[in-house]
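Trainee: To start, I am sharing the structure in question, which I have written as structure tokens.
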Amino acid sequence: MARVIVDVMLKPEILDPQGQAIARALPRLGFSGISEIRQGKRFEVEIEGPADEAALADVRKMAETLLANTVIEDYSVRVEAQ
Amino acid sequence: MARVIVDVMLKPEILDPQGQAIARALPRLGFSGISEIRQGKRFEVEIEGPADEAALADVRKMAETLLANTVIEDYSVRVEAQ
Amino acid sequence: MIDSVTRATETPDEPQPYAELGMKADEYERVRAILGRRPTSSELAIYSVMWSEHCSYKSSKVHLRQFGTKAPKSDALLVGMGENAGVVDIGDGWAATFKIESHNHPSYVEPHQGAATGVGGIVRDIMSMGARPVAVMDALRFGALDAPDTRRVLPGVVEGISSYGNCLGLPNIGGELAFDPCYIGNPLVNALCVGLLRKDQIKLATAPGPGNKVVLFGARTGPDGIGGASVLASATFEDESHAKRPAVQVGDPFMEKLLIECCLELFEADVVVGIQDLGAAGVSCATTELAAKGTGGMRVDLGLVPLRDPSLLPEEILMSESQERMMAVVTPEDIDAFMAICARWDVPATVIGEVTDTGRLVMTWKGDVIVDIPPGTAADEGPVYERPFHEPEAQAALNADDPVRLARPDDLRATLLTLLGSSNLASKEWVTSQYDRYVRGNTVLAMPADAGVLRIGEVMPGAEETDRGIALATDGNGRYARLDPYAGAQLALAEAYRNVAVTGARPLAVTNCLNFGSPEDPEVMWQFAEAVRGLADACKTLGVPVTGGNVSFYNQTGSTPIHPTPVVGVLGVLDDVRKRVPHGFTAPDLKIVLLGDTRDEFGGSEWAHVVHGHLGGLPPAADLEAERSLGGVLVDAAGRGLIEGSHDVSDGGLAVALAEACLARGVGGTVELPGPDAFVDLFSESTARVLLAVRPESYDALAELCARREVPYYCLGMTGGPALRVEGVLEVPVEELRAVHEGALPAVFGS
Amino acid sequence: MSAARVGVVTFPGTLDDQDAARAVRHAGGEAVPLWHADRDLKGVDAVFLPGGFSYGDYLRCGAISRFAPLMEELIPAARAGLPVLGTCNGFQILCEAHLLPGALTRNEGLHYVCRDQRILVENAATAWTGDYTPGQEILLPVKHGEGRYVADTATIGALESGGQIVFRYLGGNPNGSMNDIAGISNEAGNVVGLMPHPEHAVEELTGAPSVDGRGFFTSILKRFVNL
Ligand SMILES: Nc1ncnc2c1ncn2[C@@H]1O[C@H](COP(=O)(O)OP(=O)(O)O)[C@@H](O)[C@H]1O
Ligand SMILES: [Mg+2]
């Protein structure tokens with residue numbers, strides 16, 4: 001049993017309307033000193049066996065084909081330290 | 001300039017239909033060995049100054065009041081290693 | 001290094017990547033001739049996008065002219081083709097503007113964003129006429145229902161339309177959904193928007209008055225959809241970071257909603273001289289078109305354009321297709337009021353230039369002049385092609401393959417159920433339930449009605465009071481058009497016209513989206529030429545002018561084009577919207593009446609397609625005179641309150657129309673067929689037919705109206721009971737019809 | 001006697017404000033537009049938070065709106081007894097503002113759903129439901145992508161036992177909400193939130209095929225006539 005984290009973020013050049021809406025709202029809410037916010041997705045994937053190379057390769061493939069839309073998003077995969 | 005990451009996940013007891021839908025689709029797509037997937041949000045917050053305690057306290061407050069709805073979500077805040 | 005005009009003059013022989021930008025050698029030479037020197041890379045950017053097929057209509061122009069030359073005389077037309085959208089007079093001081101546009105290719109690459117930005121683009125077209133957008137519609141085509149490609153593309157497209165349109169607060173009041181293997185790899189996503197305005201409020205895309213300010217407002221400009229510009233950037237700048245710019249645009253419907261409300265306040269405050277949306281070709285298009293239609297000159301400092309990505313180069317800024325942007329021309333006296341309204345709506349706005357009387361569009365970047373062109377040469381004087389065309393080699397054989405040779409069924413009950421659950425005739429609710437059809441509270445009819453109907457009186461507080469309403473429908477049948485593009489385009493118009501008329505509305509005007517393969521293929525070009533000729537002729541006969549539209553070419557995979565698919569939208573008006581006719585059988589104990597004659601016509605029919613996988617012969621005859629008479633009866637009868645419910649008869653024939661009429665409110669009916677051949681009566685797709693439900697005491701008056709206009713009519717039976725019964729032929733409980741009809745799409749896409 | 005004044009709030013991205021105002025007028029009240037950026041309730045007798053996509057519904061529905069200047073006035077006023085009704089996005093804002101317990105999350109089916117929905121009125125004693133009878137079945141449209149009501153077990157228990165579950169879905173739950181909850185009230189019964197849209201069911205000609213939403217508006221207006 002291990003937990004693998006897949007982070008999916010819009011590519012930097014792609015418009016992130018969600019992040020922008022939050023960033024625009026911040027000053028009004030009294031938060032300053034923040035230059036940018038981008039919003040993405042985080043997946044917590046529980047795998048049954050150990051997080052070995054084979055399992056990670058599988059998760060990477062899953063990220064590539066299912067969790068991320070690689071036309072507009074980048075992803076990264078890492079094992080969570082338990 | 002520093003980047004602070006805020007991860008927001010639904011509390012474990014709250015149904016996550018998005019994660020479930022992905023998990024259900026996996027076998028059909030040829031992925032096995034995955035026991036659960038949960039989907040949450042990841043925010044990349046760029047702060048103007050250094051990520052010192054004061055700045056982190058600010059981001060934590062933002063997470064608590066805005067980025068997460070603590071009725072249904074948990075959050076965690078960390079500085080991204082550059 | 002910035003490629004300034006000075007530099008261009010000094011380096012006349014520097015090679016330029018015009019071919020990579022899709023320009024032909026002779027087109028490039030023409031630019032050189034116009035300018036008397038080589039263009040700068042920014043100028044090349046402008047000419048290449050403005051002279052592209054998409055912006056210049058260079059292959060279609062010579063044909064589209066017929067919409068003007070053959071246009072019927074119409075008092076209703078306030079603004080015709082050539083503006084962002086046509087405007088029609090709908091009475092009582094009100095006007096409506098509407099247009100349909102394609103976003104086919106982007107929706108294949110990224111279904112959600114492609115479809116979403118398609119909605120966004122057409123909504124801005126409507127806004128730029130000075131109108132409040134009031135509803136959207138969408139006409140969709142996908143590959144076979146069970147094809148993997150369809151499963152990938154359809155849910156994303158629907159979600160994109162849904163998320164964008166719903167967030168704007170525009171009710172979705174109708175559209176189409178059809179499947180055919182020819183659309184695999186080439187889905188069609190055509191979006192329509194309709195807007196309302198006071199007649200005296202029309203805005204045009206023009207920049208008159210030297211000294212007036214040019215304002216860019218809305219979203220900041222980013223590197224969206226500038227795949228093409230990267231060629232320029234890498235050629236001129238040898239800069240790798242610019243080599244991979246995204247071809248995909250992402251929409252921000254929230255920003256668009258703010259833009260809508262902001263524009264309406266700007267119009268109300270009367271602080272806009274001219275306005276243009278930024279669509280394909282972004283700043284290039286907006287500046288050249290505004291300048292060309294105004295006093296003729298404009299000075300712009302591109303360095304003032306607010307950027308999302310500060311590394312953007314001027315060529316990229318010029319080509320960027322970032323969404324949710326508009327450009328306005330404002331007098332210096334009004335500029336403060338203009339900016340204040342933008343600020344109230346949190347819409348960023350920046351003065352980037354000024355109108356001049358020099359006849360030149362001049363752009364600077366950090367002090368250098370990088371563009372200096374006569375704007376009309378980019379906007380209006382693009383290349384025009386007389387592309388060769390001829391009838392496809394296989395056309396004669398296709399038309400000769402008449403469906404009379406197909407085996408006809410004995411079990412008509414089974415045939416009805418098969419058709420009713422087939423992809424093109426099944427309930428579209430899986431799609432339509434993702435669209436908000438109620439928002440803004442003016443929706444009178446929407447799915448599953450034949451046309452969407454809106455009340456208009458409460459849309460714009462302060463405008464003249466009115467009881468009027470508008471009705472809209474879109475239609476198009478690629479199989480019919482494949483068999484005969486001339487007739488196919490006419491049939492598309494006829495069906496949309498009829499769908500508007502069955503609600504009781506008087507059809508007024510037409511918009512169209514012409515989806516075809518490559519214009520460089522003479523066989524495709526023939527299909528196009530025939531379709532345009534057919535549509536223009538039909539508009540003339542029916543007395544409804546074309547007010548605008550859109551052409552989408554290159555819908556093909558390899559050398560295989562899609563079926564020619566002209567999608568036609570018709571707008572009609574109800575003088576009293578309370579007299580609209582609802583959809584289907586609305587109550588028991590009404591007489592069921594069929595108007596129009598049925599012939600043995602199965603070419604291109606759903607029956608041939610579903611049961612035999614056959615496409616051949618000729619489509620049903622387009623009898624436009626009959627459609628016109630039928631429309632007249634429907635409008636008169638509705639106005640006199642003679643009709644309780646209605647449904648047009650089209651795909652799948654009378655059998656499917658009867659079933660859908662029962663499903664509308666769960667009211668069954670019993671009918672007797674008028675003709676000798678039950679199969680023909682039930683499944684033929686003869687046109688100019690509708691099904692009505694009328695109170696017995698209204699029947700004679702209806703019959704008299706029909707007789708006066710020589711419209712054939714047949715009383716088939718009565719509504720009521722839990723089943724659809726065709727005497728001596730079939731009986732199906734309404735709930736069984738429902739299960740079959742509503743189960744098909746969820747079976748593929750989940751419930 | 002002058003008509004009761006019902007404030008209708010517009011945030012950036014609010015969509016159903018015109019409809020809500022129209023419904024108030026049809027019921028004989030005066031609709032008073034309230035602007036999110038003003039710290040001013042204009043002395044209204046009640047407030048309607050309409051549906052829409054305030055701030056694009058980015059982040060979470062209602063998350064940004066609840067910080068609006070107007071909300072700084074509205075929150076204490078509601079706690080002090082001002083009748084407030086939130087439909088759809090308005091309901092989401094009320095939950096985000098903690099005027100109502102629980103939260104609204106993504107529909108279980110993951111799609112936006114627009115349909116005519118049967119609703120059971122369970123509590124006819126709130127400020128906004130006096131014109132209904134307990135157990136009455138009504139038809140109202142729902143149209144939302146994030147309407148699945150969730151709360152912890154203790155909260156649900158308290159809502160159930162305190163009669164705070166005002167509306168429940170009948171004939172199929174469109175979003176997977178806990179206990180088929182369609183709408184709730186606060187303990188005092190002056191603040192009510194629901195996902196369905198009464199303002200789209202007040203006219204014969206337009207909107208949903210019912211006029212069952214009228215009761216919301218007549219309820220609140222009668223309350224002020226009777227005061
Ligand atoms: N893509 C779509 N978007 C919105 N509404 C649609 C769409 N496709 C179909 N509809 C609506 O669903 C209903 C049924 O469509 P259809 O079966 O094509 O109608 P008909 O049988 O009258 O030709 C109509 O109200 C139509 O406007
Ligand atoms: Mg129809």
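Note on naming: chains are A, B, ... as they come in the structure tokens, residues start from 1 per chain, ligands start from 1 in the order shown.
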Which residues are near ligand 2 - at most 10 Å, using only C-alpha atoms and all ligand atoms? Format: as a list in words.
Mentor: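 What falls inside 10 Å of ligand 2 is Gly175, Glu176, Pro448, Ala449, Asp450, Ala451, Ala473, Thr474, Asp475, Glu495, Ala496, Tyr497, Arg498, Asn499, Val500, Val502, His647, Asp648, Val649, Ser650, Asp651, Ala657 and Val690 of chain C.
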Trainee: Using only C-alpha atoms, determine which residues of chain B fall within 8 Å of chain D; present them as a list in words.
Mentor: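 The contacting residues on chain B are Ile14, Pro17, Gln18, Leu66, Leu67, Asn69, Val71 and Ile72 of chain B.
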Trainee: Mind writing the picked residues with all heavy atoms as a compact mmCIF listing (two decimals), in the first residue's frame?
Mentor:
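Produced file out-v7.txt, reproduced below:
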```txt
# COMPACT_ATOMS: atom_id res chain seq x y z
N ILE B 14 -16.32 12.79 3.24
CA ILE B 14 -17.19 13.39 2.23
C ILE B 14 -17.01 12.64 0.89
O ILE B 14 -15.90 12.41 0.45
CB ILE B 14 -16.84 14.88 2.02
CG1 ILE B 14 -16.93 15.65 3.34
CG2 ILE B 14 -17.71 15.49 0.94
CD1 ILE B 14 -18.31 16.08 3.72
N PRO B 17 -17.21 12.24 -5.81
CA PRO B 17 -17.69 11.55 -7.01
C PRO B 17 -16.69 11.62 -8.16
O PRO B 17 -16.64 10.71 -8.98
CB PRO B 17 -18.98 12.29 -7.36
CG PRO B 17 -18.93 13.59 -6.66
CD PRO B 17 -18.05 13.41 -5.46
N GLN B 18 -15.90 12.66 -8.21
CA GLN B 18 -14.93 12.76 -9.31
C GLN B 18 -13.88 11.67 -9.17
O GLN B 18 -13.56 10.97 -10.13
CB GLN B 18 -14.24 14.12 -9.30
CG GLN B 18 -15.22 15.26 -9.17
CD GLN B 18 -14.58 16.58 -9.53
OE1 GLN B 18 -14.06 16.74 -10.62
NE2 GLN B 18 -14.61 17.52 -8.62
N LEU B 66 -10.49 31.19 2.60
CA LEU B 66 -10.92 31.35 1.21
C LEU B 66 -10.68 30.10 0.37
O LEU B 66 -11.60 29.57 -0.25
CB LEU B 66 -10.16 32.54 0.59
CG LEU B 66 -10.48 32.83 -0.88
CD1 LEU B 66 -11.91 33.30 -1.04
CD2 LEU B 66 -9.52 33.86 -1.45
N LEU B 67 -9.44 29.61 0.36
CA LEU B 67 -9.11 28.54 -0.58
C LEU B 67 -9.78 27.23 -0.21
O LEU B 67 -10.13 26.45 -1.08
CB LEU B 67 -7.59 28.37 -0.67
CG LEU B 67 -6.81 29.61 -1.13
CD1 LEU B 67 -5.33 29.29 -1.28
CD2 LEU B 67 -7.37 30.13 -2.44
N ASN B 69 -12.91 25.29 2.10
CA ASN B 69 -14.12 25.41 2.93
C ASN B 69 -13.97 24.34 4.00
O ASN B 69 -14.16 23.15 3.74
CB ASN B 69 -15.35 25.16 2.09
CG ASN B 69 -16.62 25.18 2.94
OD1 ASN B 69 -16.57 25.23 4.17
ND2 ASN B 69 -17.77 25.12 2.28
N VAL B 71 -15.61 23.30 6.28
CA VAL B 71 -16.74 22.44 6.62
C VAL B 71 -16.58 21.08 5.92
O VAL B 71 -16.97 20.05 6.47
CB VAL B 71 -18.06 23.11 6.16
CG1 VAL B 71 -19.25 22.18 6.34
CG2 VAL B 71 -18.28 24.41 6.91
N ILE B 72 -16.00 21.10 4.75
CA ILE B 72 -15.89 19.85 4.00
C ILE B 72 -14.47 19.52 3.56
O ILE B 72 -14.20 18.44 3.06
CB ILE B 72 -16.77 19.90 2.72
CG1 ILE B 72 -16.54 21.23 1.96
CG2 ILE B 72 -18.22 19.71 3.03
CD1 ILE B 72 -17.13 21.24 0.57
```
Trainee: Could you pull out the strand (DSSP E or B) residues of segment 484-666 of chain C from DSSP and send them as an MDAnalysis selection string?
Mentor: chainID C and resid 506:515 546:552 556:557 560:561 565:574 583 591:595 645:648
Trainee: For the contact check between chain C and chain D, emit one row per residue of chain C within 7 Å, containing the shortest atom pair and the distance in Å rounded to one decimal, counting only C-alpha atoms, chain then rising number order, as a tab-separated table.
Mentor:
```
residue	atom	partner	partner_atom	distance
C:Cys167	CA	D:Phe53	CA	5.7
C:Gly169	CA	D:Leu15	CA	5.3
C:Phe254	CA	D:Gly56	CA	4.6
C:Lys257	CA	D:Gly13	CA	6.4
C:Leu258	CA	D:Pro12	CA	6.8
C:Ser433	CA	D:Cys114	CA	4.8
C:Gln434	CA	D:Tyr112	CA	5.0
C:Tyr435	CA	D:Cys114	CA	6.3
C:Asp436	CA	D:Cys114	CA	5.7
C:Tyr438	CA	D:Gly207	CA	5.4
C:Val439	CA	D:Asp16	CA	6.3
C:Arg440	CA	D:Asp19	CA	5.7
C:Gly441	CA	D:Asp19	CA	5.5
C:Asn442	CA	D:Thr206	CA	5.8
C:Thr443	CA	D:Thr206	CA	5.3
C:Val444	CA	D:Thr206	CA	4.5
C:Arg578	CA	D:Leu205	CA	6.7
```
Trainee: For the residues selected in the previous step, produce a file with N, CA and C atoms as a CSV table (one decimal), in the first residue's frame.
Mentor:
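The file below, out_37.csv, is the result:
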```csv
chain,number,residue,atom,x,y,z
C,167,CYS,N,-22.9,29.8,-17.7
C,167,CYS,CA,-22.2,30.8,-16.8
C,167,CYS,C,-22.6,32.2,-17.3
C,169,GLY,N,-25.4,33.1,-18.4
C,169,GLY,CA,-26.8,33.4,-18.2
C,169,GLY,C,-27.6,33.5,-19.5
C,254,PHE,N,-16.7,33.9,-17.1
C,254,PHE,CA,-17.0,35.0,-16.1
C,254,PHE,C,-16.6,36.3,-16.7
C,257,LYS,N,-19.2,37.4,-19.2
C,257,LYS,CA,-20.4,37.9,-18.5
C,257,LYS,C,-20.3,39.3,-18.1
C,258,LEU,N,-19.1,39.6,-17.5
C,258,LEU,CA,-18.8,41.0,-17.1
C,258,LEU,C,-18.8,41.9,-18.4
C,433,SER,N,-30.2,18.5,-21.0
C,433,SER,CA,-30.4,18.7,-19.6
C,433,SER,C,-29.1,19.3,-19.0
C,434,GLN,N,-28.1,19.4,-19.7
C,434,GLN,CA,-26.9,20.0,-19.2
C,434,GLN,C,-26.9,21.5,-19.5
C,435,TYR,N,-27.9,22.0,-20.2
C,435,TYR,CA,-28.0,23.4,-20.6
C,435,TYR,C,-29.2,24.0,-19.8
C,436,ASP,N,-28.9,25.2,-19.3
C,436,ASP,CA,-29.9,26.0,-18.6
C,436,ASP,C,-30.8,26.6,-19.6
C,438,TYR,N,-33.8,28.0,-18.7
C,438,TYR,CA,-34.8,28.9,-18.0
C,438,TYR,C,-34.2,30.3,-17.6
C,439,VAL,N,-32.9,30.4,-17.6
C,439,VAL,CA,-32.3,31.6,-17.0
C,439,VAL,C,-32.8,32.9,-17.7
C,440,ARG,N,-33.0,33.9,-17.0
C,440,ARG,CA,-33.6,35.2,-17.4
C,440,ARG,C,-35.1,35.2,-17.6
C,441,GLY,N,-35.7,34.0,-17.4
C,441,GLY,CA,-37.1,34.0,-17.2
C,441,GLY,C,-38.0,34.4,-18.5
C,442,ASN,N,-37.4,34.3,-19.6
C,442,ASN,CA,-38.2,34.7,-20.8
C,442,ASN,C,-38.4,33.5,-21.8
C,443,THR,N,-38.0,32.3,-21.4
C,443,THR,CA,-38.1,31.2,-22.2
C,443,THR,C,-39.6,30.7,-22.3
C,444,VAL,N,-40.1,30.7,-23.5
C,444,VAL,CA,-41.5,30.3,-23.6
C,444,VAL,C,-41.5,28.8,-24.1
C,578,ARG,N,-48.2,35.2,-26.4
C,578,ARG,CA,-49.1,34.3,-25.6
C,578,ARG,C,-49.8,33.3,-26.5
```
Trainee: Report as a PyMOL selection string all protein, DNA and RNA residues lying within 9 Å of Phe31 of chain A, evaluated on only C-alpha atoms, omitting residues in the same chain fewer than 6 positions from it.
Mentor: (chain A and resi 25) or (chain B and resi 58-59+62)
Trainee: Set the cut-off to 12 Å and count only C-alpha atoms: what are the residues of chain C that reach chain A? Output as a count of residues only.
Mentor: 46
Trainee: Contacts of Ile37 of chain A at 9 Å or less, counting only C-alpha atoms, minus same-chain residues fewer than 4 places along, as a list in words?
Mentor: Gln18, Gly19, Gln20, Ile22 and Ala23 of chain A; Phe43, Glu44, Val45, Glu46 and Ile47 of chain B
